[in-house]
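See below for data37.csv, which holds CSV, C-alpha atoms.
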```
chain,number,residue,atom,x,y,z
K,2,MET,CA,234.2,-78.6,13.2
K,3,ALA,CA,236.1,-79.1,16.3
K,4,LEU,CA,237.5,-75.6,16.2
K,5,GLN,CA,234.1,-73.9,16.2
K,6,ARG,CA,232.9,-75.7,19.2
K,7,ASP,CA,235.2,-73.7,21.5
K,8,ILE,CA,234.6,-70.3,20.1
K,9,ARG,CA,231.8,-69.4,22.4
K,10,LYS,CA,233.7,-70.3,25.5
K,11,LYS,CA,235.7,-67.6,27.1
K,12,PRO,CA,239.3,-68.7,27.5
K,13,VAL,CA,240.0,-69.2,31.2
K,14,LEU,CA,243.5,-68.6,32.4
K,15,ASP,CA,244.4,-69.9,35.8
K,16,MET,CA,245.8,-67.0,37.6
K,17,ASN,CA,246.6,-68.8,40.9
K,18,PRO,CA,250.2,-69.8,40.1
K,19,MET,CA,250.9,-66.3,38.9
K,20,VAL,CA,249.6,-64.8,42.1
K,21,ASP,CA,251.6,-67.3,44.1
K,22,MET,CA,254.7,-66.3,42.2
K,23,ALA,CA,254.1,-62.6,42.4
K,24,PHE,CA,253.5,-62.7,46.1
K,25,LEU,CA,256.5,-64.9,46.7
K,26,LEU,CA,258.6,-62.3,44.9
K,27,VAL,CA,256.9,-59.4,46.8
K,28,SER,CA,257.7,-61.0,50.1
K,29,PHE,CA,261.3,-61.6,49.0
K,30,PHE,CA,261.8,-58.0,48.1
K,31,MET,CA,260.0,-56.8,51.2
K,32,MET,CA,262.3,-58.8,53.4
K,33,THR,CA,265.5,-57.9,51.7
K,34,THR,CA,264.9,-54.2,51.0
K,35,THR,CA,266.7,-51.7,52.9
K,36,PHE,CA,265.7,-48.3,51.7
K,37,LYS,CA,268.2,-45.9,50.3
K,38,ALA,CA,269.1,-43.2,52.7
K,39,ASP,CA,267.6,-39.9,51.6
K,40,LEU,CA,270.8,-38.0,50.9
K,41,PRO,CA,270.5,-34.3,50.5
K,42,GLU,CA,272.8,-34.4,47.6
K,43,GLU,CA,274.0,-37.0,45.1
K,44,ILE,CA,277.2,-38.6,46.1
K,45,ALA,CA,279.4,-40.3,43.5
K,46,ILE,CA,281.6,-42.6,45.3
K,47,PRO,CA,285.1,-43.5,44.0
K,48,PHE,CA,286.1,-46.9,42.8
K,49,SER,CA,288.5,-49.4,44.4
K,50,SER,CA,289.2,-53.0,44.1
K,51,SER,CA,288.5,-53.6,47.8
K,52,GLU,CA,285.7,-56.1,48.5
K,53,ILE,CA,285.2,-55.6,52.1
K,54,LYS,CA,281.5,-55.2,52.8
K,55,LEU,CA,280.4,-52.4,55.1
K,56,PRO,CA,279.0,-53.7,58.4
K,57,GLU,CA,275.3,-53.1,58.6
K,58,THR,CA,274.9,-52.3,62.3
K,59,SER,CA,276.6,-49.9,64.6
K,60,MET,CA,277.6,-47.7,61.8
K,61,CYS,CA,278.2,-44.0,61.8
K,62,THR,CA,278.7,-42.5,58.4
K,63,ILE,CA,280.1,-39.1,57.6
K,64,THR,CA,279.0,-38.1,54.2
K,65,VAL,CA,281.0,-35.5,52.4
K,66,GLY,CA,279.5,-33.7,49.4
K,67,GLU,CA,281.3,-32.5,46.4
K,68,SER,CA,281.8,-29.0,47.7
K,69,GLY,CA,282.7,-30.2,51.1
K,70,GLN,CA,279.5,-30.2,53.1
K,71,MET,CA,279.5,-32.7,55.9
K,72,TYR,CA,276.5,-34.8,56.7
K,73,PHE,CA,276.1,-37.1,59.6
K,74,SER,CA,274.2,-40.3,60.0
K,75,VAL,CA,274.1,-43.0,62.6
K,76,ASP,CA,272.0,-46.1,62.8
K,77,ASN,CA,269.6,-47.3,65.5
K,78,LYS,CA,266.5,-45.2,66.5
K,79,ASN,CA,267.1,-45.4,70.2
K,80,ASN,CA,270.7,-44.4,69.9
K,81,ARG,CA,269.7,-41.4,67.8
K,82,ILE,CA,267.3,-40.2,70.5
K,83,LYS,CA,269.9,-40.6,73.2
K,84,LEU,CA,272.4,-38.8,71.0
K,85,LEU,CA,270.2,-35.9,70.3
K,86,GLU,CA,269.3,-35.5,74.0
K,87,ARG,CA,273.0,-35.5,75.0
K,88,MET,CA,273.8,-33.0,72.2
K,89,GLY,CA,270.9,-30.8,73.4
K,90,ILE,CA,272.3,-30.7,76.9
K,91,GLN,CA,275.7,-29.8,75.6
K,92,TYR,CA,274.4,-26.9,73.5
K,93,ASN,CA,271.6,-25.9,75.8
K,94,ILE,CA,268.9,-26.7,73.3
K,95,SER,CA,265.8,-28.6,74.4
K,96,PHE,CA,264.1,-30.7,71.9
K,97,THR,CA,260.4,-31.5,72.0
K,98,GLU,CA,259.1,-35.1,71.9
K,99,GLN,CA,258.0,-34.6,68.4
K,100,GLN,CA,261.4,-33.3,67.3
K,101,LEU,CA,263.1,-36.3,69.0
K,102,LYS,CA,260.9,-38.6,67.1
K,103,THR,CA,261.5,-36.9,63.8
K,104,PHE,CA,265.2,-37.1,64.5
K,105,SER,CA,265.1,-40.8,65.3
K,106,LEU,CA,263.6,-41.5,61.9
K,107,LEU,CA,266.0,-39.2,60.1
K,108,ASP,CA,268.6,-41.1,58.1
K,109,VAL,CA,271.1,-38.3,57.5
K,110,PHE,CA,271.3,-34.6,58.3
K,111,GLY,CA,273.6,-31.8,57.8
K,112,VAL,CA,272.7,-28.6,59.6
K,113,PRO,CA,274.4,-26.7,62.4
K,114,ILE,CA,272.9,-27.7,65.7
K,115,ALA,CA,271.4,-24.3,66.3
K,116,GLU,CA,269.2,-24.8,63.2
K,117,LEU,CA,268.3,-28.3,64.1
K,118,PRO,CA,265.0,-27.6,65.8
K,119,ASN,CA,263.8,-25.6,62.8
K,120,PHE,CA,265.1,-28.3,60.5
K,121,LEU,CA,263.2,-31.0,62.4
K,122,ASP,CA,260.0,-29.0,62.3
K,123,ALA,CA,260.2,-28.6,58.6
K,124,LYS,CA,257.7,-31.0,57.0
K,125,HIS,CA,259.8,-32.8,54.5
K,126,ASN,CA,263.2,-32.4,56.0
K,127,ASN,CA,265.2,-33.0,53.0
K,128,LEU,CA,263.1,-31.2,50.5
K,129,ASP,CA,262.1,-28.1,52.3
K,130,TYR,CA,265.2,-27.3,54.1
K,131,ALA,CA,268.5,-26.3,52.4
K,132,GLN,CA,271.1,-28.2,54.4
K,133,THR,CA,274.4,-26.3,54.7
K,134,GLY,CA,276.4,-29.1,56.3
K,135,ILE,CA,277.6,-29.6,59.8
K,136,PRO,CA,280.3,-27.0,60.8
K,137,SER,CA,283.6,-28.7,61.2
K,138,SER,CA,286.1,-25.8,61.3
K,139,PRO,CA,288.5,-25.9,64.2
K,140,GLU,CA,286.8,-22.9,65.8
K,141,ARG,CA,283.4,-24.4,65.7
K,142,ASN,CA,283.7,-28.1,65.5
K,143,GLU,CA,280.2,-29.4,65.9
K,144,LEU,CA,281.1,-32.5,63.8
K,145,ARG,CA,283.7,-33.6,66.4
K,146,ASN,CA,281.0,-33.3,69.1
K,147,TRP,CA,278.5,-35.3,67.2
K,148,LEU,CA,281.1,-38.1,66.6
K,149,LEU,CA,282.3,-38.0,70.2
K,150,THR,CA,278.8,-38.1,71.6
K,151,ALA,CA,277.7,-40.8,69.2
K,152,ARG,CA,280.6,-42.9,70.4
K,153,MET,CA,279.6,-42.3,74.0
K,154,VAL,CA,276.1,-43.5,73.2
K,155,ASN,CA,277.3,-46.6,71.4
K,156,PRO,CA,280.9,-47.4,72.3
K,157,GLY,CA,281.0,-50.1,69.6
K,158,LEU,CA,280.3,-47.7,66.9
K,159,ARG,CA,282.2,-48.1,63.6
K,160,PHE,CA,282.9,-45.2,61.3
K,161,ALA,CA,282.8,-44.8,57.6
K,162,VAL,CA,283.6,-41.9,55.3
K,163,HIS,CA,281.3,-41.6,52.4
K,164,ALA,CA,282.8,-38.9,50.3
K,165,ASP,CA,282.2,-37.7,46.8
K,166,LYS,CA,285.0,-38.6,44.4
K,167,ASP,CA,285.4,-35.1,43.3
K,168,CYS,CA,285.7,-33.5,46.7
K,169,ARG,CA,289.1,-31.9,47.3
K,170,TYR,CA,291.7,-33.1,49.7
K,171,PRO,CA,291.6,-30.3,52.4
K,172,VAL,CA,288.1,-31.4,53.5
K,173,ILE,CA,289.1,-35.0,53.6
K,174,HIS,CA,292.2,-34.1,55.6
K,175,LEU,CA,290.2,-32.1,58.0
K,176,LEU,CA,287.9,-35.0,58.5
K,177,PHE,CA,290.7,-37.5,58.9
K,178,GLU,CA,292.3,-35.2,61.5
K,179,ILE,CA,289.0,-35.0,63.4
K,180,LEU,CA,288.7,-38.7,63.5
K,181,ARG,CA,292.3,-39.1,64.4
K,182,ASP,CA,292.0,-36.6,67.2
K,183,LEU,CA,289.1,-38.7,68.6
K,184,ASN,CA,291.4,-41.7,68.5
K,185,ILE,CA,289.3,-43.3,65.8
K,186,THR,CA,292.2,-44.7,63.9
K,187,ARG,CA,290.5,-47.4,62.0
K,188,PHE,CA,287.7,-46.5,59.7
K,189,ASN,CA,286.2,-47.4,56.4
K,190,LEU,CA,286.0,-45.5,53.1
K,191,VAL,CA,282.9,-46.3,51.2
K,192,THR,CA,283.9,-47.3,47.6
K,193,ASP,CA,282.4,-49.0,44.7
K,194,THR,CA,283.9,-52.0,43.0
K,195,LYS,CA,285.8,-51.7,39.8
K,196,THR,CA,283.6,-54.0,37.8
K,197,THR,CA,280.8,-51.5,37.9
K,198,ASP,CA,283.2,-48.9,36.7
K,199,ALA,CA,283.9,-51.0,33.6
K,200,THR,CA,280.2,-51.6,32.9
K,201,GLN,CA,279.4,-48.0,33.3
K,202,ALA,CA,282.1,-46.9,31.0
K,203,GLN,CA,280.7,-49.1,28.2
D,4,MET,CA,227.0,-63.9,39.6
D,5,LEU,CA,229.0,-65.1,42.5
D,6,PRO,CA,227.5,-67.8,44.7
D,7,LYS,CA,226.7,-66.9,48.2
D,8,LEU,CA,229.4,-67.9,50.7
D,9,ASN,CA,226.9,-69.9,52.7
D,10,ASP,CA,226.1,-72.0,49.7
D,11,ILE,CA,229.7,-72.7,49.1
D,12,GLU,CA,230.2,-73.9,52.6
D,13,ILE,CA,227.1,-76.0,52.5
D,14,ASP,CA,228.1,-77.4,49.2
D,15,ARG,CA,231.5,-78.5,50.6
D,16,ILE,CA,230.0,-80.1,53.6
D,17,HIS,CA,227.3,-81.9,51.8
D,18,GLY,CA,229.3,-82.8,48.8
D,19,LYS,CA,227.3,-80.6,46.4
D,20,GLN,CA,224.1,-82.1,47.6
D,21,GLY,CA,221.0,-80.0,47.5
D,22,SER,CA,222.6,-77.1,45.7
D,23,GLY,CA,220.0,-75.8,43.5
D,24,ARG,CA,222.3,-74.8,40.8
D,25,LYS,CA,222.3,-76.0,37.3
D,26,SER,CA,223.8,-79.5,36.9
D,27,GLY,CA,224.7,-79.5,40.6
D,28,ARG,CA,228.1,-78.0,40.1
D,29,SER,CA,229.2,-74.9,41.8
D,30,ASN,CA,232.4,-73.9,40.2
D,31,VAL,CA,233.6,-70.9,42.2
D,32,GLU,CA,235.6,-68.6,40.1
D,33,VAL,CA,237.3,-65.8,41.8
D,34,ASP,CA,238.7,-63.1,39.6
D,35,MET,CA,242.3,-63.1,40.3
D,36,ASN,CA,243.3,-60.3,38.0
D,37,PRO,CA,243.1,-57.4,40.4
D,38,MET,CA,245.1,-59.5,42.8
D,39,VAL,CA,247.7,-60.1,40.2
D,40,ASP,CA,247.7,-56.4,39.4
D,41,LEU,CA,248.3,-55.5,43.0
D,42,ALA,CA,250.9,-58.1,43.5
D,43,PHE,CA,252.9,-56.9,40.5
D,44,LEU,CA,252.5,-53.3,41.5
D,45,LEU,CA,254.1,-54.1,44.9
D,46,LEU,CA,256.7,-56.2,43.2
D,47,THR,CA,257.7,-53.4,40.9
D,48,PHE,CA,257.8,-51.0,43.7
D,49,PHE,CA,260.1,-53.1,45.8
D,50,MET,CA,262.3,-54.0,42.9
D,51,LEU,CA,262.8,-50.4,42.1
D,52,ALA,CA,263.4,-49.4,45.7
D,53,THR,CA,265.8,-52.1,46.5
D,54,THR,CA,269.5,-51.5,46.5
D,55,PHE,CA,271.0,-54.9,46.1
D,56,ILE,CA,274.6,-53.8,45.9
D,57,LYS,CA,275.8,-53.1,49.3
D,58,PRO,CA,278.5,-50.6,49.1
D,59,GLN,CA,282.0,-51.9,49.4
D,60,SER,CA,284.5,-50.3,51.6
D,61,MET,CA,288.1,-49.9,52.0
D,62,GLU,CA,289.6,-50.0,55.5
D,63,ILE,CA,292.2,-47.6,56.4
D,64,VAL,CA,294.2,-47.3,59.6
D,65,VAL,CA,295.7,-44.0,60.5
D,66,PRO,CA,298.3,-43.8,63.3
D,67,ALA,CA,297.1,-42.4,66.6
D,68,LYS,CA,298.3,-39.0,67.5
D,69,PRO,CA,301.7,-39.4,69.1
D,70,LYS,CA,302.0,-38.2,72.7
D,71,LEU,CA,304.3,-35.3,73.2
D,72,GLU,CA,306.9,-37.3,75.0
D,73,ASP,CA,306.9,-40.0,72.3
D,74,VAL,CA,307.8,-37.7,69.5
D,75,GLU,CA,311.4,-37.8,70.3
D,76,LYS,CA,311.5,-41.5,70.3
D,77,GLU,CA,310.3,-41.8,66.8
D,78,THR,CA,313.0,-43.5,64.6
D,79,PRO,CA,313.9,-41.5,61.6
D,80,ILE,CA,313.8,-43.3,58.3
D,81,LYS,CA,316.4,-43.3,55.6
D,82,GLU,CA,315.7,-40.8,52.8
D,83,SER,CA,316.9,-43.3,50.2
D,84,LYS,CA,314.2,-45.7,51.4
D,85,THR,CA,311.4,-43.3,50.7
D,86,LEU,CA,309.2,-43.1,47.6
D,87,ASN,CA,307.3,-39.8,47.5
D,88,ILE,CA,304.0,-39.7,45.7
D,89,VAL,CA,302.6,-36.2,45.3
D,90,LEU,CA,299.0,-36.0,44.2
D,91,LEU,CA,298.3,-33.1,41.9
D,92,GLU,CA,295.0,-32.1,40.3
D,93,SER,CA,295.2,-34.4,37.3
D,94,LYS,CA,298.6,-36.0,37.5
D,95,LEU,CA,300.9,-37.3,40.1
D,96,ALA,CA,304.6,-36.8,40.6
D,97,TRP,CA,306.9,-39.2,42.2
D,98,TYR,CA,310.5,-39.1,43.3
D,99,ARG,CA,312.9,-41.1,45.5
D,100,GLY,CA,314.6,-39.5,48.4
D,101,LEU,CA,314.1,-36.0,49.7
D,102,THR,CA,317.2,-34.0,48.9
D,103,ASP,CA,317.6,-33.0,45.2
D,104,PRO,CA,314.5,-34.9,44.1
D,105,GLU,CA,314.0,-35.6,40.4
D,106,PRO,CA,310.3,-35.8,40.1
D,107,THR,CA,308.6,-37.7,37.3
D,108,MET,CA,305.0,-36.9,36.3
D,109,VAL,CA,302.7,-39.7,35.5
D,110,GLN,CA,299.0,-39.9,34.8
D,111,TYR,CA,296.6,-41.4,37.3
D,112,ASP,CA,296.7,-44.9,36.0
D,113,GLU,CA,296.4,-47.9,38.1
D,114,LYS,CA,298.7,-50.1,36.1
D,115,LEU,CA,301.4,-47.5,35.9
D,116,LEU,CA,301.1,-46.8,39.6
D,117,LEU,CA,301.3,-50.5,40.5
D,118,GLN,CA,304.3,-51.0,38.3
D,119,LEU,CA,306.0,-48.0,39.9
D,120,VAL,CA,305.4,-49.2,43.4
D,121,GLU,CA,306.4,-52.8,42.6
D,122,THR,CA,309.7,-51.8,41.0
D,123,ALA,CA,310.4,-49.6,44.0
D,124,MET,CA,309.6,-52.5,46.3
D,125,LYS,CA,312.1,-54.7,44.4
D,126,GLU,CA,314.8,-52.1,44.5
D,127,THR,CA,314.5,-51.2,48.1
D,128,VAL,CA,314.2,-53.3,51.2
D,129,GLY,CA,312.0,-51.6,53.8
D,130,LEU,CA,310.5,-49.2,51.4
D,131,VAL,CA,308.4,-46.4,52.9
D,132,ILE,CA,305.9,-44.6,50.7
D,133,LEU,CA,304.9,-41.1,51.5
D,134,ILE,CA,301.6,-40.0,49.9
D,135,LYS,CA,301.3,-36.3,49.8
D,136,PRO,CA,298.0,-35.0,48.4
D,137,LEU,CA,298.1,-31.4,47.4
D,138,ASP,CA,295.1,-29.2,48.2
D,139,GLU,CA,293.8,-29.3,44.7
D,140,SER,CA,293.9,-33.1,44.5
D,141,ARG,CA,290.7,-35.1,44.5
D,142,TYR,CA,289.4,-37.7,46.9
D,143,GLU,CA,289.1,-40.1,44.0
D,144,ASN,CA,292.8,-40.0,43.3
D,145,LEU,CA,293.6,-40.5,47.0
D,146,VAL,CA,291.4,-43.6,47.0
D,147,GLN,CA,293.1,-44.9,43.9
D,148,VAL,CA,296.5,-44.5,45.3
D,149,LEU,CA,295.5,-46.1,48.6
D,150,ASP,CA,294.0,-48.9,46.6
D,151,VAL,CA,297.3,-49.5,44.8
D,152,MET,CA,299.0,-49.6,48.2
D,153,ALA,CA,296.6,-52.3,49.3
D,154,ILE,CA,297.0,-54.3,46.1
D,155,SER,CA,300.8,-54.1,46.0
D,156,GLY,CA,301.0,-55.0,49.7
D,157,VAL,CA,303.5,-52.3,50.7
D,158,SER,CA,303.9,-52.6,54.4
D,159,ARG,CA,304.8,-49.1,55.2
D,160,TYR,CA,303.0,-46.1,53.7
D,161,ALA,CA,301.8,-42.9,55.2
D,162,LEU,CA,299.7,-39.9,54.3
D,163,ASP,CA,301.9,-36.8,54.8
D,164,ARG,CA,301.6,-33.1,54.4
D,165,PRO,CA,303.3,-31.8,51.3
D,166,SER,CA,306.6,-29.9,51.6
D,167,GLU,CA,307.2,-26.6,49.9
D,168,PHE,CA,308.9,-28.4,47.1
D,169,ASP,CA,305.8,-30.6,46.6
D,170,ILE,CA,303.5,-27.6,46.4
D,171,SER,CA,305.8,-26.0,43.8
D,172,LEU,CA,305.3,-29.1,41.7
D,173,SER,CA,301.8,-28.0,40.8
D,174,GLU,CA,303.3,-25.2,38.7
D,175,TRP,CA,305.9,-27.5,37.3
D,176,LYS,CA,305.6,-28.4,33.6
D,177,GLU,CA,307.4,-31.1,31.9
```

Hey, can you dump this file as structure tokens for me?
Amino acid sequence: MALQRDIRKKPVLDMNPMVDMAFLLVSFFMMTTTFKADLPEEIAIPFSSSEIKLPETSMCTITVGESGQMYFSVDNKNNRIKLLERMGIQYNISFTEQQLKTFSLLDVFGVPIAELPNFLDAKHNNLDYAQTGIPSSPERNELRNWLLTARMVNPGLRFAVHADKDCRYPVIHLLFEILRDLNITRFNLVTDTKTTDATQAQ
Amino acid sequence: MLPKLNDIEIDRIHGKQGSGRKSGRSNVEVDMNPMVDLAFLLLTFFMLATTFIKPQSMEIVVPAKPKLEDVEKETPIKESKTLNIVLLESKLAWYRGLTDPEPTMVQYDEKLLLQLVETAMKETVGLVILIKPLDESRYENLVQVLDVMAISGVSRYALDRPSEFDISLSEWKE
């Protein structure tokens, strides 16, 4: 019978189109991926109906955790190195080559500058080191200096506030006042669109 | 058994001549399965690691710090033209004017808020909204109120420090 003739033959599946497709998708994802910043704590951002996209370059983001810790992040490796060097001069801390390099690869951090060398030496910065946030009280306002210096390094820097939706107003007020004090009067609040709100609620 | 690479080349050049294989055909079959495995592994990785949704953002503009000599030049606004919104922990209170205010408590609800702002806009020309978040209010609620401002298109609104009366509202029960 015709059916029996094929039984001995191993079925051959042509894998080439599949490989083509898979690699096409891989290259697509590789090109479009920007990795999530390694935040030291989970930030739930509030919802709004605004649909302005955050700019991708020349961004400086201040992340505020639920209990008010401030984390700082700025883009561009070279600018990060310049920033750290200048901050080091201001606070009389010298950083080693290795520390500068680690810092340039660091997405976000939140430690007082005195602890920064130790923090940069820790192997897995985010996991090994408990980050306490950047001091921003009026007496010891390191955050203000970070912002000021970051803007000196890159005058076209844009600022965004990435705060947890449950964080209380005094912290936000403090941050707004710092920004205002530095004459940064236009900045962005990172929010999520409402549509995701609706889908999440379901 | 895979054919030797040299043989394949020679077969190509000579059009399968002189290949000692059976029936003269050299059908090269490369096992694609590991490659597919690898490709899909990478694919999965990138799919999981990708964040497609770029965060949206809301732009806000705060007034620059006034210089000392400018403070006197600031033009006062009429009390009757103000709408005060005090943000409490889980509710908000609103009232018109500043002297003898009659606050009304409402829930944080976007529709209600929008309605409130829009009626106030119709009633008053040159409405000024003062948003006063108390210390216990959450960032989420501030963003919501600012969002309502943006939707309703109110031209003048400001973040303000709460007065003593506003702070007393947090103990106020309906």

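Interatomic distance, CA of Leu117 in chain D to CA of Ser155 in chain D: 6.6 Å.
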
**OP:** Using only C-alpha atoms, select each residue of chain D with any atom at most 6 Å away from an atom of chain K, and give the selection as a ChimeraX atom specification.
**Re:** /D:35,39,42,46,49,53,59-65,138-143,150

Would you mind exporting the chosen residues as an mmCIF file, in the frame of the given file, restricted to C-alpha atoms?
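Everything below was put into selection.cif:
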```cif
data_model
loop_
_atom_site.group_PDB
_atom_site.id
_atom_site.type_symbol
_atom_site.label_atom_id
_atom_site.label_comp_id
_atom_site.auth_asym_id
_atom_site.auth_seq_id
_atom_site.Cartn_x
_atom_site.Cartn_y
_atom_site.Cartn_z
ATOM 1 C CA MET D 35 242.300 -63.100 40.300
ATOM 2 C CA VAL D 39 247.700 -60.100 40.200
ATOM 3 C CA ALA D 42 250.900 -58.100 43.500
ATOM 4 C CA LEU D 46 256.700 -56.200 43.200
ATOM 5 C CA PHE D 49 260.100 -53.100 45.800
ATOM 6 C CA THR D 53 265.800 -52.100 46.500
ATOM 7 C CA GLN D 59 282.000 -51.900 49.400
ATOM 8 C CA SER D 60 284.500 -50.300 51.600
ATOM 9 C CA MET D 61 288.100 -49.900 52.000
ATOM 10 C CA GLU D 62 289.600 -50.000 55.500
ATOM 11 C CA ILE D 63 292.200 -47.600 56.400
ATOM 12 C CA VAL D 64 294.200 -47.300 59.600
ATOM 13 C CA VAL D 65 295.700 -44.000 60.500
ATOM 14 C CA ASP D 138 295.100 -29.200 48.200
ATOM 15 C CA GLU D 139 293.800 -29.300 44.700
ATOM 16 C CA SER D 140 293.900 -33.100 44.500
ATOM 17 C CA ARG D 141 290.700 -35.100 44.500
ATOM 18 C CA TYR D 142 289.400 -37.700 46.900
ATOM 19 C CA GLU D 143 289.100 -40.100 44.000
ATOM 20 C CA ASP D 150 294.000 -48.900 46.600
#
```

Original post:
How many Å separate CA of Leu172 in chain D from CA of Asn144 in chain D?
Top reply: 16.7 Å

Original post:
Suppose you want the space between CA of Pro136 in chain D and CA of Val89 in chain D; what is it in Å?
Top reply: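 Here the two named atoms are 5.7 Å from each other.
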
**OP:** Counting all atoms listed in the file, figure out which residue out of D:Asn87, D:Gln118, D:Ser166, D:Ser158 gets nearest to Glu105 in chain D.
**Re:** D:Asn87

**OP:** Tell me which protein, DNA and RNA residues are within 12 Å of Thr150 in chain K, counting all atoms listed in the file, leaving out same-chain ones fewer than 4 positions away, and put them as a PyMOL selection string.
**Re:** chain K and resi 61+75+80-91+143-146+154-156+158+183

Could the residues in this selection be written to a file with C-alpha atoms, as a compact mmCIF listing (two decimals), in the coordinates of the input?
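File produced: result.txt:
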```txt
# COMPACT_ATOMS: atom_id res chain seq x y z
CA CYS K 61 278.20 -44.00 61.80
CA VAL K 75 274.10 -43.00 62.60
CA ASN K 80 270.70 -44.40 69.90
CA ARG K 81 269.70 -41.40 67.80
CA ILE K 82 267.30 -40.20 70.50
CA LYS K 83 269.90 -40.60 73.20
CA LEU K 84 272.40 -38.80 71.00
CA LEU K 85 270.20 -35.90 70.30
CA GLU K 86 269.30 -35.50 74.00
CA ARG K 87 273.00 -35.50 75.00
CA MET K 88 273.80 -33.00 72.20
CA GLY K 89 270.90 -30.80 73.40
CA ILE K 90 272.30 -30.70 76.90
CA GLN K 91 275.70 -29.80 75.60
CA GLU K 143 280.20 -29.40 65.90
CA LEU K 144 281.10 -32.50 63.80
CA ARG K 145 283.70 -33.60 66.40
CA ASN K 146 281.00 -33.30 69.10
CA VAL K 154 276.10 -43.50 73.20
CA ASN K 155 277.30 -46.60 71.40
CA PRO K 156 280.90 -47.40 72.30
CA LEU K 158 280.30 -47.70 66.90
CA LEU K 183 289.10 -38.70 68.60
```

Original post:
Neighbours of Tyr130 in chain K within 9 Å (all atoms listed in the file; same-chain residues fewer than 6 positions away dropped), as a list in words?
Top reply: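 Near Tyr130 in chain K, the qualifying residues are Asn119, Phe120, Ala123 and Lys124 of chain K.
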
Original post:
Within 10 Å of Thr107 in chain D, counting only C-alpha atoms, which residues qualify if same-chain residues fewer than 2 places away don't, as a PyMOL selection string?
Top reply: chain D and resi 88+95-99+104-105+109+177

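Nearest residue to Ser173 in chain D among D:Ile80, D:Met50, D:Leu44, D:Leu137 is D:Leu137, counting all atoms listed in the file.
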
Original post:
Can you tell me, as a list in words, what residues are no more than 6 Å from Tyr72 in chain K when counting all atoms listed in the file, ignoring any on the same chain fewer than 2 positions away?
Top reply: Ile63, Thr64, Phe110, Gly111 and Gly134 of chain K

**OP:** Rank D:Leu101, D:Val131, D:Glu92, D:Val157 by their smallest atom-to-atom distance to Leu145 in chain D, using only C-alpha atoms, and report the top residue only.
**Re:** D:Glu92

Subject >> Within-10 Å shell of (301.1, -39.5, 53.1) in input frame, all atoms listed in the file, as an NGL selection string >> reply: :D and (87-90 or 132-136 or 145 or 149 or 160-165)
